[in-house]
Each structure stands twice: as structure tokens, then as C-alpha cells.
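Below you'll find the structure, written out as C-alpha cells, and then a few comments.
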Amino acid sequence: MSISHAPPDSPETDISETSHPNAAEPTALGPVPVLPLDLEPIVPTSSRHTRVPRWLRRTTGPVLLLVLWQLLSSTGVLTADVLASPGRIAQVAGDLISDGSLTSAMTTSLQRVAGGLLLGGLIGTGLALVAGLFRIGEDIVDAPVQMLRTVPFVGLIPLFIIWFGIGEAPKIAIITLGVTFPLYLNVYAGIRGVDAQLIEAGESLGLSRWGLVRHVILPGALPGAMTGLRYSLGISWLALVFAEQVNADSGIGFLMVQARDFLRTDVIVVCLIVYAFLGLLADFIVRSLERLLLQWRPTFTGR
Amino acid sequence: MATDVHRPVNHQVTEEPTAEASTAEEPKRDASKAEAPRPAQAVRVEGLTRSFDGRAVIDDLRLDVRAGEFVALLGRSGCGKSTLLRILAGLDRDIEGTVLVPRRKAVAFQAPRLMPWKKVWRNVLLGLPGKPARAVADQALGEVGLSHRTDAWPKTLSGGEAQRASLARALVREPDLLLLDEPFGALDALTRIKAQRLVGELWQRRGCAVLLVTHDVEEAVLLADRVLVMDEGVIAHEQAIDLDRPRDITDPRFAEIRGQLLERLGVDTAAEAA
């Protein structure tokens, strides 16, 4: 029996069977009776773990760690010389904020980072544009920059102190140096990575050289630039820590060095938390920028 | 169609390839009479040679396209047909010989090549002189049936939509020569049929010369006034298609021409000839 051989005027028997298979019993598929299949339900994932919300589960770990830490401190296993208790740290943080020393230290540090980021951003982006957009720029700029970037910038601190003294200048210089290279590398790679087909399309549309740069190359390099900015921000905090622990007389690093001399582990932990907080803030800023500038990307899922 | 909106610089962008081109400036603007023969030439190529590493991909090629003519260029892959199109588009200037093309020409590539960071309507206006109003883009997008996606990001378009946007971007330039580089190659079969139909309609409405590079013989016979077969760097065969439009692929004469061309391209069509 097959449908193709059935006469067109008598579709009744064959077709009613095949086109409404769910109306009939699942066993009535063929002329030969088939044993009922052993069906098992596929349970939706969402219905399995609904008792504890995810955020609550995710906060359990850190909270447990804090409780353990507090317990160890209260029972005297963890002495204040090694690590202060969470309660003590919170109290010290409150004190430092209320007497204004933490705020002023943060302001000083933020100014240094901002200065370094601005300078390094300008230099890194500027060099990347010169090297990325002009072949002669690439020949002149790229080789020295690639050489210099292999030098660990922290190693230059002694030299910077000799050059710039011990004021703000060497600190900003270190941050600038740290920021410049990741930005340079990523912007340069971004420019060179722009799809050649798009550049050709731009040419065929009659864009001038500047039009190509403005409408095709720079927007195309933007994702790379954002990656560079993210790296740069991360490195700027690292550079700040190094810069401020070498003969500083203000800033968060100075607060930490002072605390070390007096064995104040509580103050040190407060400063570390501040660093972490500022790092999170920087990340948030980059994310917001990406959300704003790269909304055309199909991979963007941040909204 | 709103020609005046499109062409604020009409008077100065007159076309130039050859001396006789300017004499036929007027009839060309009459887009409704696309079938009428015109003396003006949209493309003149003579003695064109393009070599890659000493190997001539295009070798002493000669090509003439009349204004308003729809020419399809067939050929095996690697025969140099895309190279020829790139040369005509002015994207490859490493050439010897004479190439004359209209100043106003536009290209649509196989990939739509829309700038992903510009909304569709901005893509359409990209590269136009002056500061064209958005209405210009909306009008062109309407013409290809894409009015509802003018504000979309290109990456959210489907393949057919993106290709139509690319077509609108080419048409908004009011080209005298439209170069199409396998524009339907990446589309699925159903979308391709619709897109081919659209191109045919747009060509009849606009009356610009079209050079369509393709490897699809059926598509070439369906759309073109004249089909050229390129082989070993030259136009090896030329066939005028005088079937009435709109053409029917089930027409036996259609099949005959298709068979002849396939044979030219080295595809055995014994079954069809029988």
C-alpha cells in the first residue's frame, strides 16, 4: 500500500491516516500493531531549580567566607597583626572616611590615574593612528614602539625618579607608560584589521581618503580601541600601586605604606578594597562606553 | 521617480566617456524607454590587459556596452570576469589599455558590504556629495521594498534584505553604469528569484547600463540583452538575447539559448539538445 498509487478520487483512507497522525493512537501508524513506546517526559530546565534564586546562591560563598574570617578572628586564631577582622575593617573604613583621609587619598590617586590615562591615551592613540593610517608612519613608529613595549614599565621607575624627581611627575609618567602600549597595540591592530572589502566598498561609493578614515576605518577600529581601553584601565591601577609605593607622600599607596610601617593590617585591607572598588568602577565605565558605541554589533548582548 | 531630489548637481555631472556620449544625453534620461537603441556608449574598453605576477588574467580585451544596455558576463571561475568588473569600477587601476566608463557608476558586490556601524539609511547615503537628506535614502529604499528597515542596523537584516539595501545604495547614486558582481550568489533560491525580478524592474525603470557578472546561465538569459562569455582573458563568445520580456524560463527558445551558452562554458548539455 502506498499513497502515490492511490486513485485521486479516493484519498479518504490513506490520507486521513497520515495527515492526522496525532488524532489516532500512536500505535496505529502501520497495519502491523506496534507495542506502545516507553515515553519519558523531558523536564524543562527552569522547573527543576526554582527554590533558591541564583543571586542568593551566588552570594552564599562570599558570605560564608566572611563569617569564617570573622569567627577565626574572634576566636583569636587569626591575630590582628596577620589580618584584622571584617568588623574591625569596617570600623576603620568608617573612621578613615569620616576624618577625610581616605577621601583625600582617593582624590589624589584618581587624579594621578586620570592624568596618566589622558596622557597615555593621547600618545597611544596618536601613535596608533599614525602607524595605522600611513605606511610611512608604520615604518617609522611601529618598530621602536614594539621594542619599547617589551621593557617592563615598572623597571623604569628608578630612571623616572632620576629624571623627574619624586613629585607627581614620575608617578604620572609610569601610569602613562603602562597605558600607552596596550592602547597602541589594540588601536593599531583594529585599524589594520578593518575588513578590506568594506574599504573597497567605501572607495567604490566615492569616499575620499578622509571620508574612508572617518566612515570606515575609525568606526571599524573602535572595537579594538575599546579592548585596548579596557586593558589600559587595568594596567593603570597596577601602575598606580607601583608608583605610589615608591616614596609617595599622599594617595592610597602612601596610606598603605604608612599602614605597613605601623602593622595596621586593617588599613591595608581597606585600601585593597578601595583599589578593587575603583577597578570595578573603571570596568563599569568601559562597559557603558561599549554599550553606547558598539550597539551595532550583533554580538552585543548587554542590554 | 524623484530625479530632481537625487540630482542636485545635475548640470555639472554630465557624462564624459566619449565625445559622442554627450550627444545622446537627453534620450537617456527617459527611463521608460529602456528598450530603445541608443548610440551612446556606457563602456568602451580596448586593448585591456591585466596581469598578476606576469600571468595575464585579462589579455587584450575589447568590450563595448551601449547606454541603457543590460549585459551579462558569464565565465568559469577564475576566468577574470570579476577582475574586469573591478577594473570598470575603478577599484583596480593596475592596467594597460583604454578603459572609458561613465563618471556616475555604482557597484553592488556579492556580499552586501554594508558598514555595520551605520544604520541602513546612512549606508545608502554614504559617499554622496553634499549633505543629502534622509528622504533621499528613504525613497531609494522604498524602491527596493525596504522602507520598513531604514532604521535597522545592517547586521540585523536578512541576506536578501541586506542585498536589497546594497542595491539601493548603488541606485541612489543615479548611475549611468551599474556593475553587479554576482549579487545573487549568496542568496537562497527563493530570495534569488525575487531579487532577480527586482533588478530587472529597476533596470527597466532607471534605464542605466548594467553589467552583471554571474556564473548562473539562467540568470544571464533571464535578464540580459546580450550575454558575453569570457574565457582566457577575452570575450570569447557573444550572444544577443532577443526574447520578449518578461521572459519565461519554460520557453523552448530560452532553453535553447541556455543550452548553447552552457555548451560554450564547457558543460555537456546533450540531454537538452536531444
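Chains: A, B, ... in order of the C-alpha cells. Residues: from 1 per chain. Ligands: from 1, in order shown.
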Residues of chain A within 10 Å of chain B, counting only C-alpha atoms, what are they? List them as a PDB file with C-alpha atoms, in the first residue's frame.
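Wrote out_0.pdb, looks like this:
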ATOM      1  CA  ASP A 195      37.641  44.448   6.543  1.00  0.00           C
ATOM      2  CA  GLN A 197      36.047  44.534   1.460  1.00  0.00           C
ATOM      3  CA  LEU A 198      34.403  47.371   3.351  1.00  0.00           C
ATOM      4  CA  ILE A 199      37.236  49.733   2.457  1.00  0.00           C
ATOM      5  CA  GLU A 200      36.836  48.732  -1.171  1.00  0.00           C
ATOM      6  CA  ALA A 201      33.089  49.290  -0.943  1.00  0.00           C
ATOM      7  CA  GLY A 202      33.767  52.723   0.524  1.00  0.00           C
ATOM      8  CA  GLU A 203      36.081  53.507  -2.356  1.00  0.00           C
ATOM      9  CA  SER A 204      33.505  52.383  -4.878  1.00  0.00           C
ATOM     10  CA  LEU A 205      30.992  54.697  -3.208  1.00  0.00           C
ATOM     11  CA  GLY A 206      33.290  57.593  -3.930  1.00  0.00           C
ATOM     12  CA  LEU A 207      34.549  58.300  -0.425  1.00  0.00           C
ATOM     13  CA  SER A 208      37.649  60.457  -0.227  1.00  0.00           C
ATOM     14  CA  GLY A 211      35.924  60.010   4.233  1.00  0.00           C
ATOM     15  CA  LEU A 212      37.246  56.461   4.326  1.00  0.00           C
ATOM     16  CA  HIS A 215      33.292  56.487   7.966  1.00  0.00           C
ATOM     17  CA  VAL A 216      35.013  53.148   7.551  1.00  0.00           C
ATOM     18  CA  PRO A 219      34.468  53.018  13.299  1.00  0.00           C
ATOM     19  CA  GLY A 220      35.881  49.675  12.265  1.00  0.00           C
ATOM     20  CA  LEU A 222      36.514  51.021  17.549  1.00  0.00           C
ATOM     21  CA  LEU A 293      29.448  52.993  20.934  1.00  0.00           C
ATOM     22  CA  LEU A 294      29.223  49.398  19.783  1.00  0.00           C
ATOM     23  CA  GLN A 295      25.478  48.882  19.749  1.00  0.00           C
ATOM     24  CA  TRP A 296      25.671  47.966  16.067  1.00  0.00           C
ATOM     25  CA  ARG A 297      27.474  44.747  16.834  1.00  0.00           C
ATOM     26  CA  PRO A 298      25.329  41.644  16.578  1.00  0.00           C
ATOM     27  CA  THR A 299      27.356  40.015  19.365  1.00  0.00           C
TER      28      THR A 299
END
Problem - Residue contacts of B:Cys208 (10 Å, only C-alpha atoms) excluding same-chain residues fewer than 4 positions away, as an MDAnalysis selection string - result: chainID B and resid 28:29 31 34 42 66:70 105 171 174:178 202:204
With N, CA and C atoms kept, could you save the residues just selected as a JSON list (two decimals), in the first residue's frame?
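Once written, selection_36.json looks like this:
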[["chain", "number", "residue", "atom", "x", "y", "z"],
["B", 28, "LYS", "N", 18.63, 59.44, -22.92],
["B", 28, "LYS", "CA", 18.99, 58.52, -21.85],
["B", 28, "LYS", "C", 18.18, 58.77, -20.59],
["B", 29, "ARG", "N", 17.83, 60.02, -20.35],
["B", 29, "ARG", "CA", 17.10, 60.34, -19.14],
["B", 29, "ARG", "C", 15.70, 59.75, -19.16],
["B", 31, "ALA", "N", 13.74, 57.15, -18.89],
["B", 31, "ALA", "CA", 13.99, 55.80, -18.40],
["B", 31, "ALA", "C", 12.94, 54.81, -18.87],
["B", 34, "ALA", "N", 13.52, 51.96, -22.02],
["B", 34, "ALA", "CA", 14.80, 51.30, -21.84],
["B", 34, "ALA", "C", 15.17, 50.43, -23.04],
["B", 42, "ALA", "N", 28.14, 53.35, -22.86],
["B", 42, "ALA", "CA", 28.36, 53.46, -21.43],
["B", 42, "ALA", "C", 29.73, 52.92, -21.04],
["B", 66, "ARG", "N", 26.47, 49.58, -24.70],
["B", 66, "ARG", "CA", 25.69, 50.76, -25.03],
["B", 66, "ARG", "C", 25.04, 51.32, -23.78],
["B", 67, "ALA", "N", 24.71, 52.60, -23.82],
["B", 67, "ALA", "CA", 23.99, 53.20, -22.71],
["B", 67, "ALA", "C", 22.64, 52.51, -22.58],
["B", 68, "GLY", "N", 22.28, 52.16, -21.38],
["B", 68, "GLY", "CA", 20.98, 51.54, -21.15],
["B", 68, "GLY", "C", 20.92, 50.07, -21.46],
["B", 69, "GLU", "N", 22.03, 49.49, -21.86],
["B", 69, "GLU", "CA", 22.02, 48.07, -22.23],
["B", 69, "GLU", "C", 22.29, 47.20, -21.00],
["B", 70, "PHE", "N", 21.63, 46.05, -21.00],
["B", 70, "PHE", "CA", 21.86, 45.10, -19.90],
["B", 70, "PHE", "C", 22.74, 43.98, -20.44],
["B", 105, "LYS", "N", 28.96, 55.82, -11.71],
["B", 105, "LYS", "CA", 28.78, 54.37, -11.78],
["B", 105, "LYS", "C", 28.66, 53.85, -10.36],
["B", 171, "LEU", "N", 21.79, 52.41, -6.37],
["B", 171, "LEU", "CA", 20.84, 53.13, -7.22],
["B", 171, "LEU", "C", 20.71, 54.60, -6.83],
["B", 174, "GLU", "N", 22.19, 57.29, -8.80],
["B", 174, "GLU", "CA", 21.72, 57.53, -10.16],
["B", 174, "GLU", "C", 22.78, 57.16, -11.18],
["B", 175, "PRO", "N", 23.22, 55.92, -11.17],
["B", 175, "PRO", "CA", 24.36, 55.58, -12.02],
["B", 175, "PRO", "C", 23.96, 55.49, -13.49],
["B", 176, "ASP", "N", 24.92, 55.81, -14.36],
["B", 176, "ASP", "CA", 24.74, 55.53, -15.78],
["B", 176, "ASP", "C", 25.22, 54.13, -16.09],
["B", 177, "LEU", "N", 26.04, 53.60, -15.18],
["B", 177, "LEU", "CA", 26.51, 52.23, -15.32],
["B", 177, "LEU", "C", 26.41, 51.55, -13.96],
["B", 178, "LEU", "N", 25.66, 50.46, -13.93],
["B", 178, "LEU", "CA", 25.53, 49.71, -12.68],
["B", 178, "LEU", "C", 26.28, 48.40, -12.85],
["B", 202, "LEU", "N", 14.03, 47.35, -11.83],
["B", 202, "LEU", "CA", 14.76, 48.59, -11.57],
["B", 202, "LEU", "C", 15.49, 49.05, -12.82],
["B", 203, "TRP", "N", 16.06, 48.09, -13.53],
["B", 203, "TRP", "CA", 16.78, 48.44, -14.75],
["B", 203, "TRP", "C", 15.84, 49.07, -15.76],
["B", 204, "GLN", "N", 14.64, 48.45, -15.91],
["B", 204, "GLN", "CA", 13.70, 48.99, -16.89],
["B", 204, "GLN", "C", 13.23, 50.39, -16.50]]
Run DSSP on the backbone and tell me which residues of stretch 1-250 of chain A come out as helix (DSSP H, G or I); list them as JSON, numbers by chain. {"A": [3, 4, 5, 12, 13, 14, 15, 16, 17, 18, 19, 45, 46, 47, 54, 55, 56, 57, 58, 59, 60, 61, 62, 63, 64, 65, 66, 67, 68, 69, 70, 71, 72, 73, 74, 86, 87, 88, 89, 90, 91, 92, 93, 94, 95, 96, 97, 98, 101, 102, 103, 104, 105, 106, 107, 108, 109, 110, 111, 112, 113, 114, 115, 116, 117, 118, 119, 120, 121, 122, 123, 124, 125, 126, 127, 128, 129, 130, 131, 132, 133, 135, 136, 137, 138, 139, 140, 141, 142, 143, 144, 145, 146, 147, 148, 149, 153, 154, 155, 156, 157, 158, 159, 160, 161, 162, 163, 164, 168, 169, 170, 171, 172, 173, 174, 175, 176, 177, 178, 179, 180, 181, 182, 183, 184, 185, 186, 187, 188, 189, 190, 191, 192, 196, 197, 198, 199, 200, 201, 202, 203, 204, 209, 210, 211, 212, 213, 214, 215, 216, 217, 218, 219, 220, 221, 222, 223, 224, 225, 226, 227, 228, 229, 230, 231, 232, 233, 234, 235, 236, 237, 238, 239, 240, 241, 242, 243, 244]}
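Atom pair atom CA of B:Val99 / atom CA of B:Ala209: separated by 15.7 Å.
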| message | When you look at stretch 243-250 of chain A with a cut-off of 7 Å (counting only C-alpha atoms), what residues show up, excluding the ones that are within fewer than 6 positions of it in the same chain? I need them as a PyMOL selection string. | response | chain A and resi 105+108+166+171+174+257
Can those selected residues be exported to a file as an mmCIF file, in the first residue's frame so that it contains N, CA and C atoms?
data_model
loop_
_atom_site.group_PDB
_atom_site.id
_atom_site.type_symbol
_atom_site.label_atom_id
_atom_site.label_comp_id
_atom_site.auth_asym_id
_atom_site.auth_seq_id
_atom_site.Cartn_x
_atom_site.Cartn_y
_atom_site.Cartn_z
ATOM 1 N N ALA A 105 42.964 60.821 49.976
ATOM 2 C CA ALA A 105 43.905 59.895 49.339
ATOM 3 C C ALA A 105 43.353 59.399 48.010
ATOM 4 N N THR A 108 43.615 62.120 45.357
ATOM 5 C CA THR A 108 44.977 62.233 44.825
ATOM 6 C C THR A 108 45.255 61.103 43.838
ATOM 7 N N ILE A 166 60.874 63.244 42.734
ATOM 8 C CA ILE A 166 59.969 62.375 43.485
ATOM 9 C C ILE A 166 58.581 62.989 43.631
ATOM 10 N N LYS A 171 55.211 59.556 38.865
ATOM 11 C CA LYS A 171 54.053 58.676 39.049
ATOM 12 C C LYS A 171 53.167 58.710 37.822
ATOM 13 N N ILE A 174 54.840 56.900 34.921
ATOM 14 C CA ILE A 174 54.752 55.432 34.960
ATOM 15 C C ILE A 174 53.379 54.976 34.466
ATOM 16 N N VAL A 257 51.522 52.203 52.638
ATOM 17 C CA VAL A 257 52.918 52.124 53.099
ATOM 18 C C VAL A 257 52.997 52.516 54.565
#
Skipping near chain neighbours, those fewer than 4 positions away, what residues fall within 7 Å of A:Gly115 using only C-alpha atoms, listed as an mmCIF file with N, CA and C atoms, in the first residue's frame?
data_model
loop_
_atom_site.group_PDB
_atom_site.id
_atom_site.type_symbol
_atom_site.label_atom_id
_atom_site.label_comp_id
_atom_site.auth_asym_id
_atom_site.auth_seq_id
_atom_site.Cartn_x
_atom_site.Cartn_y
_atom_site.Cartn_z
ATOM 1 N N GLN A 111 43.399 61.423 40.602
ATOM 2 C CA GLN A 111 43.969 62.449 39.737
ATOM 3 C C GLN A 111 45.176 61.906 38.983
ATOM 4 N N LEU A 119 47.170 61.246 29.264
ATOM 5 C CA LEU A 119 48.417 61.366 28.508
ATOM 6 C C LEU A 119 48.679 60.104 27.690
ATOM 7 N N ILE A 172 52.888 59.927 37.362
ATOM 8 C CA ILE A 172 52.049 60.033 36.159
ATOM 9 C C ILE A 172 52.775 59.435 34.960
#
- Message: For B:Ser82, find every residue with an atom within 10 Å (counting only C-alpha atoms), except residues of its own chain fewer than 6 positions away, and show them as a ChimeraX atom specification.
- Response: /B:73-75,88,109,180-182,212-214
Considering only C-alpha atoms, return as an mmCIF file with C-alpha atoms, in the first residue's frame whatever protein or nucleic-acid residues lie within 12 Å of A:Leu280, sequence-local ones (same chain, fewer than 6 positions apart) excluded.
data_model
loop_
_atom_site.group_PDB
_atom_site.id
_atom_site.type_symbol
_atom_site.label_atom_id
_atom_site.label_comp_id
_atom_site.auth_asym_id
_atom_site.auth_seq_id
_atom_site.Cartn_x
_atom_site.Cartn_y
_atom_site.Cartn_z
ATOM 1 C CA ARG A 230 39.936 48.020 28.984
ATOM 2 C CA LEU A 233 42.461 50.833 32.639
ATOM 3 C CA GLY A 234 43.501 47.583 34.293
ATOM 4 C CA TRP A 237 45.643 50.683 38.540
ATOM 5 C CA ILE A 273 39.054 47.143 48.951
ATOM 6 C CA VAL A 274 39.231 50.694 47.620
ATOM 7 C CA VAL A 286 34.193 50.813 29.787
ATOM 8 C CA ARG A 287 31.137 48.589 29.620
#
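Relative to atom CA of B:Ala140, atom CA of B:Arg164 is found at 10.1 Å.
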Strand (DSSP E or B) residues, from DSSP on the backbone, in stretch 28-191 of chain B, as a PyMOL selection string
chain B and resi 41-52+55-66+70-75+96-100+105-108+177-181
How would the residues just chosen look if you wrote them out with C-alpha atoms as a JSON list (two decimals), in the first residue's frame?
[["chain", "number", "residue", "atom", "x", "y", "z"],
["B", 41, "GLN", "CA", 28.22, 54.13, -25.11],
["B", 42, "ALA", "CA", 28.36, 53.46, -21.43],
["B", 43, "VAL", "CA", 31.53, 51.41, -21.53],
["B", 44, "ARG", "CA", 34.35, 51.31, -24.02],
["B", 45, "VAL", "CA", 37.28, 49.04, -23.36],
["B", 46, "GLU", "CA", 40.06, 48.47, -25.83],
["B", 47, "GLY", "CA", 43.28, 46.52, -25.56],
["B", 48, "LEU", "CA", 42.80, 45.98, -21.85],
["B", 49, "THR", "CA", 45.42, 43.81, -20.20],
["B", 50, "ARG", "CA", 45.70, 43.00, -16.52],
["B", 51, "SER", "CA", 48.44, 40.72, -15.27],
["B", 52, "PHE", "CA", 49.00, 39.14, -11.92],
["B", 55, "ARG", "CA", 50.26, 35.99, -15.91],
["B", 56, "ALA", "CA", 47.71, 37.87, -17.98],
["B", 57, "VAL", "CA", 44.25, 37.33, -16.49],
["B", 58, "ILE", "CA", 42.77, 39.77, -18.97],
["B", 59, "ASP", "CA", 44.57, 39.79, -22.28],
["B", 60, "ASP", "CA", 43.90, 42.46, -24.89],
["B", 61, "LEU", "CA", 40.19, 42.57, -24.11],
["B", 62, "ARG", "CA", 37.68, 44.59, -26.04],
["B", 63, "LEU", "CA", 34.24, 45.46, -24.70],
["B", 64, "ASP", "CA", 31.54, 47.91, -25.64],
["B", 65, "VAL", "CA", 28.35, 48.45, -23.72],
["B", 66, "ARG", "CA", 25.69, 50.76, -25.03],
["B", 70, "PHE", "CA", 21.86, 45.10, -19.90],
["B", 71, "VAL", "CA", 24.91, 42.94, -20.43],
["B", 72, "ALA", "CA", 25.63, 39.73, -18.59],
["B", 73, "LEU", "CA", 29.15, 38.43, -18.33],
["B", 74, "LEU", "CA", 29.49, 34.69, -17.91],
["B", 75, "GLY", "CA", 32.56, 32.62, -17.41],
["B", 96, "GLU", "CA", 47.21, 48.63, -19.58],
["B", 97, "GLY", "CA", 44.90, 49.74, -22.35],
["B", 98, "THR", "CA", 41.95, 52.07, -22.74],
["B", 99, "VAL", "CA", 39.02, 51.94, -20.36],
["B", 100, "LEU", "CA", 36.28, 54.53, -20.60],
["B", 105, "LYS", "CA", 28.78, 54.37, -11.78],
["B", 106, "ALA", "CA", 27.88, 52.14, -8.89],
["B", 107, "VAL", "CA", 28.76, 48.66, -7.75],
["B", 108, "ALA", "CA", 26.84, 46.02, -5.87],
["B", 177, "LEU", "CA", 26.51, 52.23, -15.32],
["B", 178, "LEU", "CA", 25.53, 49.71, -12.68],
["B", 179, "LEU", "CA", 28.07, 46.98, -12.03],
["B", 180, "LEU", "CA", 26.73, 43.86, -10.37],
["B", 181, "ASP", "CA", 29.23, 41.29, -9.16]]
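Atom CA of A:Leu133 sits 27.7 Å away from atom CA of A:Ser288.
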